[in-house]
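Text of target26.cif (mmCIF, C-alpha atoms) as supplied:
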data_target
loop_
_atom_site.label_atom_id
_atom_site.label_comp_id
_atom_site.auth_asym_id
_atom_site.auth_seq_id
_atom_site.Cartn_x
_atom_site.Cartn_y
_atom_site.Cartn_z
CA MET H 1 6.47 -21.86 14.35
CA LYS H 2 8.53 -23.16 11.45
CA LYS H 3 10.69 -20.64 9.61
CA LEU H 4 9.09 -20.09 6.21
CA PHE H 5 10.87 -17.20 4.66
CA GLU H 6 14.25 -18.71 3.79
CA ASN H 7 13.02 -20.74 0.81
CA THR H 8 14.24 -18.79 -2.22
CA GLU H 9 13.18 -21.46 -4.70
CA ILE H 10 9.54 -20.79 -3.77
CA ALA H 11 10.12 -17.04 -3.40
CA PHE H 12 11.45 -16.54 -6.92
CA ALA H 13 9.72 -19.43 -8.71
CA ILE H 14 8.05 -17.19 -11.32
CA LYS H 15 11.18 -15.11 -12.03
CA SER H 16 13.24 -16.02 -15.08
CA ASP H 17 17.03 -15.96 -14.80
CA SER H 18 17.19 -12.58 -16.54
CA GLU H 19 14.49 -11.11 -14.24
CA LEU H 20 16.41 -12.40 -11.22
CA GLU H 21 19.61 -10.76 -12.49
CA ARG H 22 17.79 -7.48 -13.17
CA ALA H 23 16.37 -7.49 -9.61
CA TYR H 24 19.84 -8.11 -8.18
CA PHE H 25 21.30 -5.26 -10.26
CA LEU H 26 18.51 -2.84 -9.22
CA PHE H 27 18.84 -3.51 -5.51
CA LYS H 28 22.64 -3.14 -5.78
CA MET H 29 22.01 0.34 -7.21
CA ILE H 30 19.32 1.23 -4.64
CA GLN H 31 21.69 0.21 -1.83
CA LYS H 32 23.90 3.21 -2.67
CA GLU H 33 22.12 6.31 -1.38
CA PRO H 34 24.16 8.83 -3.45
CA LEU H 35 23.27 6.88 -6.59
CA VAL H 36 19.57 7.05 -5.72
CA ARG H 37 19.79 10.82 -5.22
CA ILE H 38 21.70 11.34 -8.47
CA GLY H 39 19.47 8.93 -10.38
CA THR H 40 16.35 10.70 -9.11
CA ALA H 41 17.67 14.12 -10.17
CA VAL H 42 18.79 12.89 -13.60
CA THR H 43 15.50 11.05 -14.22
CA ASN H 44 13.42 14.08 -13.27
CA PHE H 45 15.53 16.30 -15.50
CA ALA H 46 15.30 13.90 -18.44
CA LEU H 47 11.52 13.56 -18.12
CA ASN H 48 10.97 17.32 -17.70
CA ALA H 49 13.20 17.98 -20.73
CA HIS H 50 11.22 15.35 -22.68
CA LEU H 51 14.34 13.33 -23.41
CA PRO H 52 13.64 9.82 -24.80
CA VAL H 53 14.29 7.89 -21.55
CA GLU H 54 10.93 6.23 -21.00
CA ARG H 55 11.96 3.00 -22.73
CA LEU H 56 15.05 2.72 -20.51
CA ILE H 57 12.98 3.41 -17.36
CA ARG H 58 10.36 0.91 -18.51
CA SER H 59 12.85 -1.90 -19.03
CA THR H 60 14.54 -1.42 -15.63
CA VAL H 61 12.95 0.10 -12.54
CA PHE H 62 9.41 0.43 -13.95
CA ASP H 63 9.00 -3.20 -14.99
CA HIS H 64 10.46 -4.38 -11.68
CA PHE H 65 8.11 -2.35 -9.44
CA CYS H 66 5.06 -1.89 -11.71
CA GLY H 67 2.62 -4.13 -13.55
CA GLY H 68 2.27 -2.02 -16.67
CA VAL H 69 0.90 1.16 -18.18
CA THR H 70 -2.76 0.06 -18.24
CA GLU H 71 -4.91 -2.48 -16.39
CA GLU H 72 -4.79 -4.75 -19.44
CA ASP H 73 -0.99 -4.51 -19.44
CA CYS H 74 -0.97 -5.98 -15.94
CA ILE H 75 -2.95 -9.13 -16.77
CA PRO H 76 0.03 -11.39 -17.72
CA THR H 77 1.72 -10.53 -14.38
CA ILE H 78 -1.53 -11.00 -12.45
CA ASP H 79 -2.15 -14.38 -14.08
CA LYS H 80 1.44 -15.53 -13.56
CA MET H 81 1.39 -14.70 -9.83
CA TYR H 82 -2.00 -16.34 -9.43
CA THR H 83 -0.56 -19.67 -10.58
CA LYS H 84 1.22 -19.57 -7.18
CA ASN H 85 -1.93 -18.48 -5.29
CA VAL H 86 -0.68 -14.86 -5.04
CA HIS H 87 -3.41 -12.27 -5.65
CA SER H 88 -2.99 -8.73 -7.00
CA VAL H 89 -4.27 -5.32 -5.92
CA LEU H 90 -4.29 -3.01 -8.95
CA ASP H 91 -2.98 0.36 -7.76
CA TYR H 92 -3.40 3.30 -10.15
CA SER H 93 -0.26 5.13 -9.01
CA VAL H 94 -0.51 8.50 -10.73
CA GLU H 95 0.29 11.23 -8.20
CA GLY H 96 0.30 15.01 -8.02
CA LYS H 97 -2.29 15.98 -10.67
CA GLU H 98 -4.65 18.39 -8.92
CA ILE H 99 -7.44 19.25 -11.35
CA GLU H 100 -11.10 18.27 -11.22
CA GLU H 101 -10.89 16.36 -14.51
CA GLN H 102 -8.09 14.20 -13.12
CA PHE H 103 -10.04 13.48 -9.92
CA ASP H 104 -13.05 12.40 -11.99
CA PHE H 105 -10.77 10.32 -14.23
CA SER H 106 -9.27 8.61 -11.15
CA MET H 107 -12.76 7.84 -9.85
CA GLN H 108 -13.77 6.27 -13.19
CA LYS H 109 -10.52 4.27 -13.13
CA ILE H 110 -11.40 2.82 -9.70
CA LEU H 111 -14.95 2.01 -10.86
CA LYS H 112 -13.44 0.14 -13.82
CA ILE H 113 -11.04 -1.73 -11.50
CA LEU H 114 -14.00 -2.74 -9.31
CA ASP H 115 -15.52 -4.36 -12.44
CA PHE H 116 -12.16 -6.11 -13.03
CA CYS H 117 -12.22 -7.39 -9.45
CA LYS H 118 -15.72 -8.76 -9.90
CA GLU H 119 -14.58 -10.69 -12.99
CA LYS H 120 -11.25 -12.04 -11.70
CA ASN H 121 -10.73 -13.97 -8.46
CA SER H 122 -7.06 -13.03 -8.69
CA ILE H 123 -7.93 -9.35 -7.90
CA PRO H 124 -9.71 -9.39 -4.51
CA PHE H 125 -9.47 -5.67 -3.61
CA ALA H 126 -9.62 -2.26 -5.26
CA VAL H 127 -7.60 0.66 -3.86
CA PHE H 128 -7.24 4.44 -4.12
CA LYS H 129 -5.57 7.36 -2.34
CA PRO H 130 -7.70 10.17 -0.90
CA THR H 131 -5.63 12.75 -2.82
CA GLY H 132 -6.58 10.89 -6.01
CA PHE H 133 -10.11 12.27 -5.44
CA GLY H 134 -9.40 15.77 -4.11
CA ARG H 135 -6.81 18.50 -3.57
CA PHE H 136 -4.12 18.09 -0.89
CA LYS H 137 -4.63 21.66 0.40
CA LEU H 138 -8.37 21.09 0.75
CA TYR H 139 -7.82 18.02 2.96
CA GLN H 140 -5.30 20.07 4.93
CA LYS H 141 -7.70 22.96 5.50
CA ILE H 142 -10.44 20.59 6.71
CA SER H 143 -7.98 18.70 8.94
CA LEU H 144 -7.05 22.03 10.56
CA ASN H 145 -10.76 22.92 11.02
CA GLN H 146 -10.28 26.09 8.98
CA GLU H 147 -13.32 27.81 7.50
CA LEU H 148 -13.96 26.93 3.85
CA THR H 149 -15.02 29.35 1.14
CA ILE H 150 -18.26 28.67 -0.77
CA ASP H 151 -16.18 27.30 -3.68
CA GLU H 152 -14.27 25.02 -1.31
CA ILE H 153 -17.49 23.74 0.27
CA ASN H 154 -18.72 22.83 -3.22
CA GLU H 155 -15.35 21.28 -4.03
CA TRP H 156 -15.45 19.15 -0.85
CA THR H 157 -18.99 18.04 -1.72
CA ARG H 158 -17.60 16.68 -5.00
CA VAL H 159 -14.83 14.84 -3.11
CA VAL H 160 -17.42 13.25 -0.80
CA ASP H 161 -19.52 12.29 -3.82
CA ARG H 162 -16.54 10.55 -5.44
CA PHE H 163 -15.87 8.59 -2.26
CA ASP H 164 -19.52 7.65 -1.97
CA LYS H 165 -19.78 6.51 -5.60
CA VAL H 166 -16.84 4.11 -5.37
CA CYS H 167 -17.83 2.88 -1.89
CA ALA H 168 -21.39 2.23 -3.09
CA ALA H 169 -20.05 0.35 -6.14
CA ALA H 170 -17.70 -1.69 -3.92
CA SER H 171 -20.61 -2.58 -1.64
CA GLU H 172 -22.89 -3.47 -4.54
CA LYS H 173 -20.24 -5.69 -6.18
CA ASN H 174 -19.13 -7.12 -2.82
CA VAL H 175 -15.50 -6.12 -3.52
CA PRO H 176 -13.49 -4.79 -0.52
CA LEU H 177 -12.01 -1.33 -1.07
CA LEU H 178 -8.69 -0.24 0.47
CA ILE H 179 -8.18 3.50 0.98
CA ASP H 180 -4.52 4.44 1.39
CA ALA H 181 -3.06 6.77 4.03
CA GLU H 182 -1.67 10.25 3.47
CA GLU H 183 0.62 12.68 5.33
CA SER H 184 -0.37 13.27 8.97
CA TRP H 185 -1.39 16.90 8.48
CA ILE H 186 -4.16 15.95 6.01
CA GLN H 187 -5.08 12.52 7.40
CA ASP H 188 -7.79 13.70 9.85
CA ALA H 189 -10.07 14.82 7.01
CA ALA H 190 -9.56 11.50 5.24
CA ASP H 191 -10.11 9.49 8.46
CA ASN H 192 -13.41 11.24 9.20
CA LEU H 193 -14.71 10.76 5.68
CA ILE H 194 -13.63 7.09 5.51
CA GLU H 195 -15.25 6.42 8.89
CA LYS H 196 -18.55 7.79 7.54
CA MET H 197 -18.22 5.41 4.59
CA MET H 198 -17.53 2.50 6.97
CA GLU H 199 -20.57 3.37 9.03
CA LYS H 200 -22.70 3.47 5.87
CA TYR H 201 -21.35 0.42 4.01
CA ASN H 202 -19.81 -1.87 6.66
CA LYS H 203 -23.08 -2.91 8.34
CA ASP H 204 -22.75 -6.64 7.51
CA LYS H 205 -18.99 -7.03 7.03
CA ALA H 206 -15.86 -5.00 6.27
CA ILE H 207 -16.07 -3.63 2.71
CA ILE H 208 -14.41 -0.23 3.23
CA TYR H 209 -10.87 -0.31 4.70
CA ASN H 210 -8.93 2.65 6.06
CA THR H 211 -5.12 2.57 6.41
CA LEU H 212 -3.17 3.13 9.64
CA GLN H 213 0.51 4.13 9.43
CA MET H 214 1.92 2.69 12.63
CA TYR H 215 5.11 4.76 12.57
CA ARG H 216 2.77 7.39 14.02
CA TRP H 217 2.74 7.09 17.82
CA ASP H 218 -0.90 8.26 18.02
CA ARG H 219 -2.41 5.52 15.85
CA MET H 220 -3.08 3.00 18.65
CA ASP H 221 -5.22 5.59 20.42
CA TYR H 222 -7.05 6.24 17.16
CA LEU H 223 -7.59 2.50 16.61
CA LYS H 224 -9.06 2.06 20.09
CA SER H 225 -11.39 5.06 19.72
CA LEU H 226 -12.46 3.88 16.23
CA HIS H 227 -13.28 0.47 17.70
CA GLN H 228 -15.38 2.10 20.42
CA ARG H 229 -17.33 4.13 17.85
CA ALA H 230 -17.81 1.02 15.67
CA LYS H 231 -19.35 -0.78 18.67
CA GLU H 232 -21.63 2.14 19.46
CA ASN H 233 -22.75 2.61 15.84
CA ASN H 234 -22.79 -1.08 14.91
CA PHE H 235 -20.42 -1.27 11.95
CA TYR H 236 -17.48 -3.49 11.01
CA ILE H 237 -13.93 -2.16 10.85
CA GLY H 238 -11.66 -2.85 7.88
CA LEU H 239 -8.06 -1.71 8.29
CA LYS H 240 -4.89 -1.98 6.31
CA ILE H 241 -1.99 -1.75 8.76
CA VAL H 242 1.35 -0.47 7.44
CA ARG H 243 4.45 1.01 9.00
CA GLY H 244 4.38 4.18 6.89
CA ALA H 245 5.60 5.94 3.77
CA TYR H 246 6.54 9.56 4.56
CA MET H 247 8.94 9.37 7.49
CA GLU H 248 11.59 11.89 6.38
CA LYS H 249 8.98 14.36 5.15
CA GLU H 250 7.04 14.10 8.44
CA ARG H 251 10.10 14.65 10.62
CA GLU H 252 11.42 17.54 8.50
CA ARG H 253 8.08 19.36 8.58
CA ALA H 254 7.71 18.91 12.34
CA GLU H 255 11.20 20.31 12.91
CA GLU H 256 10.67 23.18 10.48
CA LEU H 257 7.32 24.24 12.01
CA GLY H 258 8.32 23.49 15.60
CA TYR H 259 5.78 20.87 16.64
CA LYS H 260 6.29 17.41 18.10
CA SER H 261 7.07 14.85 15.41
CA PRO H 262 4.16 12.45 14.84
CA ILE H 263 6.69 9.69 14.10
CA CYS H 264 7.77 7.09 16.68
CA ILE H 265 11.16 7.74 18.22
CA ASP H 266 12.88 4.77 16.53
CA LYS H 267 12.29 1.63 14.50
CA LYS H 268 11.74 -0.56 17.56
CA ALA H 269 8.94 1.73 18.77
CA THR H 270 7.35 1.53 15.30
CA ASP H 271 7.64 -2.26 15.25
CA ASP H 272 6.12 -2.50 18.73
CA ASN H 273 3.28 -0.17 17.70
CA TYR H 274 2.60 -2.22 14.56
CA ASN H 275 2.54 -5.49 16.47
CA GLU H 276 0.32 -4.03 19.20
CA ALA H 277 -2.20 -3.04 16.50
CA LEU H 278 -2.21 -6.59 15.14
CA LYS H 279 -2.81 -8.00 18.63
CA PHE H 280 -5.61 -5.53 19.36
CA MET H 281 -7.38 -6.30 16.08
CA ALA H 282 -6.99 -10.07 16.51
CA ASP H 283 -8.49 -9.82 20.02
CA HIS H 284 -11.69 -8.06 18.89
CA ASP H 285 -14.69 -9.13 16.82
CA LYS H 286 -16.04 -7.41 13.70
CA VAL H 287 -12.55 -6.45 12.52
CA ALA H 288 -10.87 -7.36 9.21
CA ILE H 289 -7.09 -7.03 8.79
CA PHE H 290 -5.00 -6.36 5.69
CA ALA H 291 -1.45 -6.51 7.04
CA GLY H 292 0.77 -4.58 4.66
CA THR H 293 4.21 -5.64 5.84
CA HIS H 294 7.69 -6.47 4.62
CA ASN H 295 8.66 -7.50 8.14
CA GLU H 296 9.17 -11.19 8.82
CA GLU H 297 8.59 -11.02 12.59
CA SER H 298 5.26 -9.23 12.20
CA SER H 299 4.22 -11.81 9.61
CA TYR H 300 5.07 -14.68 12.00
CA LEU H 301 3.22 -12.87 14.80
CA LEU H 302 0.05 -12.53 12.72
CA MET H 303 0.21 -16.21 11.71
CA GLU H 304 0.51 -17.09 15.41
CA LEU H 305 -2.39 -14.80 16.36
CA ALA H 306 -4.59 -16.34 13.65
CA LYS H 307 -3.79 -19.81 14.96
CA ARG H 308 -4.46 -18.78 18.56
CA HIS H 309 -7.88 -17.34 17.63
CA GLY H 310 -8.84 -20.36 15.53
CA LEU H 311 -8.76 -18.61 12.15
CA ILE H 312 -8.04 -20.83 9.15
CA GLU H 313 -5.26 -19.67 6.81
CA ASN H 314 -7.62 -18.36 4.11
CA ASP H 315 -10.17 -16.68 6.39
CA SER H 316 -11.54 -13.73 4.37
CA ARG H 317 -10.96 -11.34 7.32
CA LEU H 318 -7.20 -11.90 7.23
CA TRP H 319 -4.88 -10.79 4.40
CA PHE H 320 -1.16 -10.21 4.04
CA GLY H 321 0.16 -7.76 1.46
CA GLN H 322 3.49 -6.70 0.01
CA LEU H 323 4.54 -4.34 -2.76
CA TYR H 324 5.26 -5.81 -6.18
CA GLY H 325 9.01 -6.12 -6.71
CA MET H 326 9.80 -6.53 -3.00
CA SER H 327 9.70 -9.22 -0.30
CA ASP H 328 8.85 -12.13 -2.59
CA HIS H 329 10.25 -14.43 0.10
CA ILE H 330 7.32 -13.41 2.36
CA THR H 331 4.62 -13.28 -0.32
CA PHE H 332 5.19 -16.56 -2.12
CA ASN H 333 6.04 -18.61 0.94
CA LEU H 334 2.87 -17.41 2.73
CA ALA H 335 0.82 -18.25 -0.37
CA LYS H 336 2.38 -21.71 -0.48
CA GLU H 337 1.13 -22.25 3.09
CA GLY H 338 -2.42 -21.34 2.03
CA TYR H 339 -2.65 -17.81 3.48
CA ASN H 340 -4.48 -14.99 1.71
CA VAL H 341 -1.73 -12.83 0.26
CA ALA H 342 -1.68 -10.07 -2.34
CA LYS H 343 0.85 -7.95 -4.16
CA TYR H 344 0.17 -4.23 -4.56
CA LEU H 345 0.61 -3.88 -8.33
CA PRO H 346 1.11 -0.23 -9.37
CA PHE H 347 0.32 0.82 -12.93
CA GLY H 348 -0.02 3.99 -15.00
CA PRO H 349 1.89 5.98 -17.65
CA VAL H 350 5.65 5.78 -17.02
CA ARG H 351 6.05 9.55 -16.65
CA ASP H 352 3.12 9.85 -14.22
CA VAL H 353 4.22 6.90 -12.05
CA MET H 354 7.75 8.25 -11.52
CA PRO H 355 6.95 10.02 -8.19
CA TYR H 356 5.77 6.65 -6.85
CA LEU H 357 8.90 4.86 -8.11
CA ILE H 358 11.21 7.51 -6.68
CA ARG H 359 9.50 7.16 -3.29
CA ARG H 360 10.00 3.38 -3.44
CA ALA H 361 13.72 3.77 -4.15
CA GLU H 362 14.13 6.36 -1.38
CA GLU H 363 12.24 4.17 1.11
CA ASN H 364 14.54 1.24 0.35
CA THR H 365 17.63 3.33 1.05
CA SER H 366 16.17 4.69 4.31
CA VAL H 367 14.94 1.40 5.81
CA ALA H 368 17.95 -0.22 7.40
CA GLY H 369 18.40 -3.81 6.32
CA GLN H 370 15.57 -3.94 3.74
CA THR H 371 17.81 -3.73 0.65
CA SER H 372 20.49 -5.96 2.16
CA ARG H 373 17.88 -8.62 2.89
CA GLU H 374 16.60 -8.47 -0.70
CA LEU H 375 20.14 -8.75 -2.05
CA ASN H 376 21.05 -11.70 0.19
CA LEU H 377 17.95 -13.63 -0.87
CA LEU H 378 18.45 -12.85 -4.56
CA ASN H 379 22.08 -13.91 -4.29
CA THR H 380 21.11 -17.18 -2.54
CA GLU H 381 18.78 -17.97 -5.43
CA ARG H 382 21.39 -16.98 -8.05
CA LYS H 383 23.78 -19.46 -6.44
CA ARG H 384 21.10 -22.13 -6.25
CA ARG H 385 20.49 -21.69 -9.99
CA LYS H 386 24.24 -21.50 -10.60
CA LEU H 387 23.91 -18.17 -12.45
#

Let me see the file written as structure tokens.
Amino acid sequence: MKKLFENTEIAFAIKSDSELERAYFLFKMIQKEPLVRIGTAVTNFALNAHLPVERLIRSTVFDHFCGGVTEEDCIPTIDKMYTKNVHSVLDYSVEGKEIEEQFDFSMQKILKILDFCKEKNSIPFAVFKPTGFGRFKLYQKISLNQELTIDEINEWTRVVDRFDKVCAAASEKNVPLLIDAEESWIQDAADNLIEKMMEKYNKDKAIIYNTLQMYRWDRMDYLKSLHQRAKENNFYIGLKIVRGAYMEKERERAEELGYKSPICIDKKATDDNYNEALKFMADHDKVAIFAGTHNEESSYLLMELAKRHGLIENDSRLWFGQLYGMSDHITFNLAKEGYNVAKYLPFGPVRDVMPYLIRRAEENTSVAGQTSRELNLLNTERKRRKL
């Protein structure tokens, strides 16, 4: 298969010279782990002390990794990417607010995004996190099969209702809905609830998608058992496959509490697990794949699997996805070849999106080679443009 991902002219076609330089500067900073730690601490302090730093954050890291403060803010970016056949997934990235009003607000936000999706071909999916609709500790208690109080039973009923409302709206509008993954010790509750939604709404095709974090060594077993239940209960499977977002936190907790880490032993084991999931899904009917990956080899593998199984590039059951602000060399080159590809486009108030941005920066420092690859590609394009 021809090597696609070296073409930086296509990768950065929609970036102005100044945007290219800003990206290069940011990844140079992110490459230095002490700087990320210091920057995180200083940013948190400044925001908690209500110092006037939001404009600075907005013009640097926020604008590179986020689409805007509101959905409307994101439209120029969405439209610009769509000129290159790159779609967007609007991701309301406010984290950590655990009150009922916020959960209801998040639900209304997703319902509004579903309307956006219906109107704009450039936004093919909606997305939310389970903890956007309910408390972390409640998911944890249910995952551990602990007895709930009467108040907690009522609270969980409201969580289920929020899920059902957005899943019903997605089904009615025929807009696929991605549901993100959480930490392993609360994921069982989310998995069980999402599977119920799949069984209810995925009778004719995949509308509801769960997310599998393949840095977990148990996820292949889960995938196979899910497939068996889907066959028995006659529903389609929609899955977003990612490597994972909470590696350090997962390992630290396992060590602290003395249980076996749910994380694969090393990166190669994670890569193998991820690729095995792609092969399994490609080999079975009634499965739709959203491959969230910044890995070139996995992207080539999925292209090869699609070809082998006779899928055309823009088959609706096959999508590639990357985060906005990263891996443009994969996104834009895939889109140029006619594949379905989307950028996850986070948005929300600057202050509220900071936990997301901090996680992105920390991930980039912890994934060996990711930041170096970004820098090399950006530098190649800077030289090509003679900047």

Discussion item. Taking 2 positions as the minimum chain separation for residues in the same chain, which residues sit within 9 Å of Met354 of chain H when counting only C-alpha atoms? Answer as a PyMOL selection string.
Written reply: chain H and resi 43-44+62+93-95+349-352+356-359

Worksheet item: Leaving out Ala168 of chain H and any residue of its chain fewer than 6 positions from it, which residues lie within 10 Å of it when counting only C-alpha atoms, given as a ChimeraX atom specification?
Response: /H:162,174,197,200-201,207-208

Fill in: Nearby residues (all atoms listed in the file) at most 10 Å from segment 303-312 of chain H, same-chain spacing under 3 positions excluded, as a PyMOL selection string
chain H and resi 1+278-279+281-283+297-300+315-318+320+334+338-339

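Using all atoms listed in the file, the nearest neighbour of Val175 of chain H within the list H:Thr131, H:Thr270, H:Gln140, H:Asn121 is H:Asn121.
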
Worksheet entry | Shell around Asp218 of chain H at 10 Å using only C-alpha atoms, local window under 5 positions removed, as a VMD selection string | chain H and resid 213 223 262 to 264 273

With C-alpha atoms kept, could you save the residues just selected as a JSON list (two decimals), keeping the file's coordinate frame?
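Saved to again-v1.json:
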[["chain", "number", "residue", "atom", "x", "y", "z"],
["H", 213, "GLN", "CA", 0.51, 4.13, 9.43],
["H", 223, "LEU", "CA", -7.59, 2.50, 16.61],
["H", 262, "PRO", "CA", 4.16, 12.45, 14.84],
["H", 263, "ILE", "CA", 6.69, 9.69, 14.10],
["H", 264, "CYS", "CA", 7.77, 7.09, 16.68],
["H", 273, "ASN", "CA", 3.28, -0.17, 17.70]]

Worksheet entry | Chain and number of each residue from the PyMOL selection byres ((chain H and resi 226) around 12), as a PyMOL selection string | chain H and resi 191-192+194-196+198-199+210+212+219-225+227-239+281+287

Selection near Lys28 of chain H, 10 Å with only C-alpha atoms, sequence-local residues under 5 positions removed, as a PDB file with C-alpha atoms, keeping the file's coordinate frame:
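Saved file part-v1.pdb follows:
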ATOM      1  CA  ARG H  22      17.790  -7.480 -13.170  1.00  0.00           C
ATOM      2  CA  ALA H  23      16.370  -7.490  -9.610  1.00  0.00           C
ATOM      3  CA  THR H 371      17.810  -3.730   0.650  1.00  0.00           C
ATOM      4  CA  SER H 372      20.490  -5.960   2.160  1.00  0.00           C
ATOM      5  CA  GLU H 374      16.600  -8.470  -0.700  1.00  0.00           C
ATOM      6  CA  LEU H 375      20.140  -8.750  -2.050  1.00  0.00           C
TER       7      LEU H 375
END

Would you write out, as a tab-separated table, a table of all residues in segment 311-376 of chain H that have an atom no more than 12 Å from an atom of segment 97-113 of chain H, listing for each the closest atom pair and the distance in Å to one decimal, considering all atoms listed in the file and ordering rows by chain and rising residue number?
residue	atom	partner	partner_atom	distance
H:Phe347	CA	H:Lys109	CA	11.4
H:Gly348	CA	H:Lys109	CA	10.7
H:Asp352	CA	H:Lys97	CA	8.9
H:Val353	CA	H:Lys97	CA	11.3
H:Pro355	CA	H:Lys97	CA	11.3

Can those selected residues be exported to a file as an mmCIF file, in the frame of the given file so that it contains C-alpha atoms?
data_model
loop_
_atom_site.group_PDB
_atom_site.id
_atom_site.type_symbol
_atom_site.label_atom_id
_atom_site.label_comp_id
_atom_site.auth_asym_id
_atom_site.auth_seq_id
_atom_site.Cartn_x
_atom_site.Cartn_y
_atom_site.Cartn_z
ATOM 1 C CA PHE H 347 0.320 0.820 -12.930
ATOM 2 C CA GLY H 348 -0.020 3.990 -15.000
ATOM 3 C CA ASP H 352 3.120 9.850 -14.220
ATOM 4 C CA VAL H 353 4.220 6.900 -12.050
ATOM 5 C CA PRO H 355 6.950 10.020 -8.190
#

Discussion item. Please compute the atom CA of Val127 of chain H-atom CA of Arg251 of chain H distance, one decimal, in Å.
Written reply: 26.8 Å

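Interatomic distance, atom CA of Ala181 of chain H against atom CA of Phe125 of chain H: 15.9 Å.
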
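Among the candidates H:Met81, H:Asp91, H:Gln146, H:Tyr139, the one nearest to Val69 of chain H when counting all atoms listed in the file is H:Asp91.
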
Fill in: Option closest in space to Val86 of chain H, from H:Ala11, H:Leu138, H:Val159, H:Leu302 [counting only C-alpha atoms]
H:Ala11
